[in-house]
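Worksheet for the structure shown next.
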Amino acid sequence: MTTKILTHAACAQHLTPPGHPENVSRIGAVVEALKTIDPAIVDWADAPPAQADSLALVHTGAHVAHLEQLAPQNGFARVDPDTALSPGSLEAASRAVGAVIEGIDQVMSGRADNAFCATRPPGHHAEPDKAMGFCLFNSIAIGARHAQKVHALDRVAVVDFDVHHGNGTQAAFWNHANLFYASTHQFPHYPGTGHPDETGSAHNIVNVPLRPGSGSEEFRRAMEDNVLPALDAFAPELVLISAGFDAYHADPLSDINLVEEDYVWATRQLSDLAQRHAAGRIVSTLEGGYHIDGLASCAKAHVEALAQ
């Protein structure tokens, strides 16, 4: 198999204030780790920028205009206490969206078997009308709508194993019966959403909260008992993954205790399901993960599992 890896140097130009956990060292560590993968099974490409009409598939014009007006010429501008803009932030966020779109186009055309987007900033907290939680544009949600609009897919699914609930993706999918969102996440935790009774207008959303202190057993049970059966029943034509690695046991922003092998296992489970329903089509994008060494090793393990 060939796994396309999409990234761009602009993702290192999104700067955050000193001490911020979502900083440029994250993307550098991930890219360096991915470069050690056997080059025979991966193919690297630059992520293109997203076009305005792609952003409009999920985000309001007012949201995009607000970020453009807020973006500083130098220094930082605060969107909220957690989320900052620097002069290079909007291009980085645009490339993160463009990576998902390009990955989908590559997979749908058969030029790649699957794809991983090594980009930042993350996206799954960005709501249609609001940036938050380190996120500016919701790359994965935009990708799902792009797949429906451009590739005429009916059913597109997102599975999110970031330790934080993807409130933005849930909000974007809530009223769309042919978009499926499933999340395992620590609860209670930021952003406070993701209760099991949040199911979407057509029961197209599956939330499986994990208590602080949960580990491999609880995570795998959540996937096996809840996420995978619901995803199987939905029968997606394309599987998208919000690949956050902050449920790693040493991550400073969580109290979940996963290890590399859990991400390998989850990736293989999703790959098997994609083979059954979606001709193996998977596009994954980097979300969180703030223990630098753990982020790098887990991302590498995830991509190697995709490429097997």
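Residues in the structure tokens are named by chain (A, B, ... in the order shown) and by number from 1 within that chain; ligands are numbered from 1 in the order shown.
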So that I can check the surroundings of range 39-46 of chain A, please list as JSON, numbers by chain every protein, DNA and RNA residue that reaches within 7 Å of it, counting only C-alpha atoms and ignoring chain neighbours fewer than 2 positions away. {"A": [1, 2, 3, 4, 5, 6, 7, 8, 37, 48, 307]}
Suppose we keep C-alpha atoms; can you now write the selection as a short mmCIF file (atom, residue, chain, number, x, y, z; two decimals), in the first residue's frame?
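As written to disk, result_23.cif reads:
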data_model
loop_
_atom_site.label_atom_id
_atom_site.label_comp_id
_atom_site.auth_asym_id
_atom_site.auth_seq_id
_atom_site.Cartn_x
_atom_site.Cartn_y
_atom_site.Cartn_z
CA MET A 1 0.00 0.00 0.00
CA THR A 2 1.00 3.62 -0.46
CA THR A 3 0.23 6.13 2.25
CA LYS A 4 0.38 9.77 1.22
CA ILE A 5 1.88 12.09 3.86
CA LEU A 6 0.85 15.71 3.39
CA THR A 7 2.61 18.52 5.22
CA HIS A 8 3.95 22.02 4.58
CA ILE A 37 9.37 5.24 7.98
CA PRO A 48 -1.92 23.15 -0.88
CA ALA A 307 0.61 1.74 5.46
#
Within 8 Å of range 278-300 of chain A, which residues of range 79-195 of chain A show up? Give each one with its shortest atom-to-atom distance in Å (one decimal) and the two atoms involved, counting only C-alpha atoms, rows by chain then rising residue number, as CSV.
residue,atom,partner,partner_atom,distance
A:Val100,CA,A:Thr285,CA,6.9
A:Gly103,CA,A:Val283,CA,6.3
A:Ile104,CA,A:Val283,CA,6.4
A:Val107,CA,A:Arg281,CA,6.3
A:Met108,CA,A:Arg281,CA,7.4
A:Asp113,CA,A:Arg281,CA,6.4
A:Asn114,CA,A:Ile282,CA,5.0
A:Ala115,CA,A:Val283,CA,4.7
A:Phe116,CA,A:Ser284,CA,4.7
A:Cys117,CA,A:Thr285,CA,4.5
A:Ala118,CA,A:Leu286,CA,5.8
A:Thr119,CA,A:Leu286,CA,6.2
A:Arg120,CA,A:Leu286,CA,7.2
A:Pro121,CA,A:Glu287,CA,7.7
A:Pro122,CA,A:Glu287,CA,4.5
A:Gly123,CA,A:Glu287,CA,6.6
A:His124,CA,A:Glu287,CA,7.1
A:Ile140,CA,A:Thr285,CA,7.3
A:Asp162,CA,A:Gly288,CA,6.3
A:Val163,CA,A:Gly288,CA,7.9
Same residues, C-alpha atoms, saved as a compact mmCIF listing (two decimals), in the first residue's frame:
# COMPACT_ATOMS: atom_id res chain seq x y z
CA VAL A 100 -7.20 17.03 4.19
CA GLY A 103 -5.61 13.71 0.82
CA ILE A 104 -9.25 12.97 0.01
CA VAL A 107 -7.48 8.65 -2.16
CA MET A 108 -10.66 9.07 -4.18
CA ASP A 113 -4.45 4.07 -0.71
CA ASN A 114 -4.81 6.32 2.31
CA ALA A 115 -3.34 9.56 3.66
CA PHE A 116 -2.05 11.24 6.79
CA CYS A 117 -1.93 15.01 7.21
CA ALA A 118 1.03 16.08 9.33
CA THR A 119 -0.17 19.63 9.89
CA ARG A 120 -1.06 22.17 12.54
CA PRO A 121 -2.93 23.97 14.01
CA PRO A 122 -5.44 21.27 14.94
CA GLY A 123 -9.05 21.75 13.93
CA HIS A 124 -11.69 19.68 15.69
CA ILE A 140 -11.75 17.29 9.14
CA ASP A 162 -8.20 12.79 20.63
CA VAL A 163 -8.48 13.03 24.42
Among range 99-196 of chain A, which residues carry a DSSP assignment of alpha helix (DSSP H), reported as number ranges by chain? A: 99-109, 139-151, 167-173
Keeping C-alpha atoms, export the residues of the selection given above as a short mmCIF file (atom, residue, chain, number, x, y, z; two decimals), in the first residue's frame.
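result.cif written:
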data_model
loop_
_atom_site.label_atom_id
_atom_site.label_comp_id
_atom_site.auth_asym_id
_atom_site.auth_seq_id
_atom_site.Cartn_x
_atom_site.Cartn_y
_atom_site.Cartn_z
CA ALA A 99 -3.97 18.82 3.28
CA VAL A 100 -7.20 17.03 4.19
CA ILE A 101 -8.84 18.05 0.93
CA GLU A 102 -5.82 16.96 -1.12
CA GLY A 103 -5.61 13.71 0.82
CA ILE A 104 -9.25 12.97 0.01
CA ASP A 105 -8.72 13.83 -3.64
CA GLN A 106 -5.67 11.55 -3.80
CA VAL A 107 -7.48 8.65 -2.16
CA MET A 108 -10.66 9.07 -4.18
CA SER A 109 -8.68 9.12 -7.43
CA SER A 139 -10.10 20.68 8.67
CA ILE A 140 -11.75 17.29 9.14
CA ALA A 141 -15.32 18.62 8.93
CA ILE A 142 -14.48 20.62 5.82
CA GLY A 143 -12.95 17.49 4.30
CA ALA A 144 -16.12 15.50 4.94
CA ARG A 145 -18.28 18.10 3.21
CA HIS A 146 -15.77 18.33 0.34
CA ALA A 147 -16.00 14.56 -0.16
CA GLN A 148 -19.77 14.83 -0.46
CA LYS A 149 -19.77 17.88 -2.71
CA VAL A 150 -16.86 17.11 -5.04
CA HIS A 151 -16.78 13.32 -5.04
CA ASN A 167 -17.20 19.88 19.75
CA GLY A 168 -16.64 21.69 16.45
CA THR A 169 -17.00 18.58 14.33
CA GLN A 170 -20.06 17.55 16.29
CA ALA A 171 -21.63 20.98 15.76
CA ALA A 172 -20.89 20.86 12.02
CA PHE A 173 -22.42 17.37 11.68
#
Selection near Asn226 in chain A, 9 Å with only C-alpha atoms, sequence-local residues under 3 positions removed, as a CSV table (one decimal) with N, CA and C atoms, in the first residue's frame:
chain,number,residue,atom,x,y,z
A,182,ALA,N,-18.0,10.0,15.6
A,182,ALA,CA,-17.8,9.2,16.8
A,182,ALA,C,-16.6,9.7,17.6
A,206,VAL,N,-22.0,9.6,18.0
A,206,VAL,CA,-21.7,8.6,19.1
A,206,VAL,C,-20.6,9.1,20.0
A,207,ASN,N,-20.9,9.5,21.2
A,207,ASN,CA,-19.9,9.9,22.2
A,207,ASN,C,-19.7,8.9,23.2
A,208,VAL,N,-18.4,8.5,23.5
A,208,VAL,CA,-18.1,7.6,24.5
A,208,VAL,C,-17.1,8.2,25.5
A,221,ARG,N,-12.5,-1.2,24.9
A,221,ARG,CA,-13.9,-1.6,25.1
A,221,ARG,C,-14.9,-0.5,24.5
A,222,ALA,N,-14.5,0.8,24.6
A,222,ALA,CA,-15.4,1.8,24.1
A,222,ALA,C,-15.4,1.7,22.6
A,223,MET,N,-14.3,1.4,22.0
A,223,MET,CA,-14.3,1.2,20.5
A,223,MET,C,-15.1,0.0,20.1
A,229,PRO,N,-19.3,-0.8,16.2
A,229,PRO,CA,-20.6,-1.3,15.7
A,229,PRO,C,-21.5,-0.2,15.1
A,230,ALA,N,-21.4,1.0,15.6
A,230,ALA,CA,-22.2,2.1,15.0
A,230,ALA,C,-21.6,2.5,13.7
A,231,LEU,N,-20.3,2.5,13.6
A,231,LEU,CA,-19.7,2.9,12.3
A,231,LEU,C,-20.0,1.8,11.3
Would you pick out the contacts of range 23-25 of chain A at 7 Å or less, using only C-alpha atoms, so that residues sharing its chain but fewer than 6 positions from it are not included, and give the list as a PDB file with N, CA and C atoms, in the first residue's frame?
ATOM      1  N   ALA A  12       4.926  25.354  10.395  1.00  0.00           N
ATOM      2  CA  ALA A  12       5.873  25.767  11.431  1.00  0.00           C
ATOM      3  C   ALA A  12       5.895  27.284  11.625  1.00  0.00           C
ATOM      4  N   LEU A  15       2.920  30.538  15.065  1.00  0.00           N
ATOM      5  CA  LEU A  15       3.609  30.679  16.344  1.00  0.00           C
ATOM      6  C   LEU A  15       2.596  30.919  17.460  1.00  0.00           C
ATOM      7  N   THR A  16       2.934  30.428  18.626  1.00  0.00           N
ATOM      8  CA  THR A  16       2.081  30.610  19.795  1.00  0.00           C
ATOM      9  C   THR A  16       2.914  31.207  20.922  1.00  0.00           C
TER      10      THR A  16
END
Selected residue, from A:Gly200, A:Gly166, A:Gly215, A:Gly194, that lies nearest to Gly244 in chain A when counting only C-alpha atoms: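 Ranked by minimum distance to Gly244 in chain A, first place goes to A:Gly166.
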State, in Å with one decimal place, the distance from CA of Val264 in chain A to CA of Glu224 in chain A.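 Between CA of Val264 in chain A and CA of Glu224 in chain A the gap works out to 14.5 Å.
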Counting only C-alpha atoms, which residue out of A:Asp154, A:Asp160, A:Asp251, A:Glu68 sits closest to Leu136 in chain A? A:Glu68
Do a neighbour search on His277 in chain A at 10 Å with only C-alpha atoms, toss out local chain neighbours closer than 3 positions, and write the hits as an MDAnalysis selection string. chainID A and resid 231:239 272:274 280:281
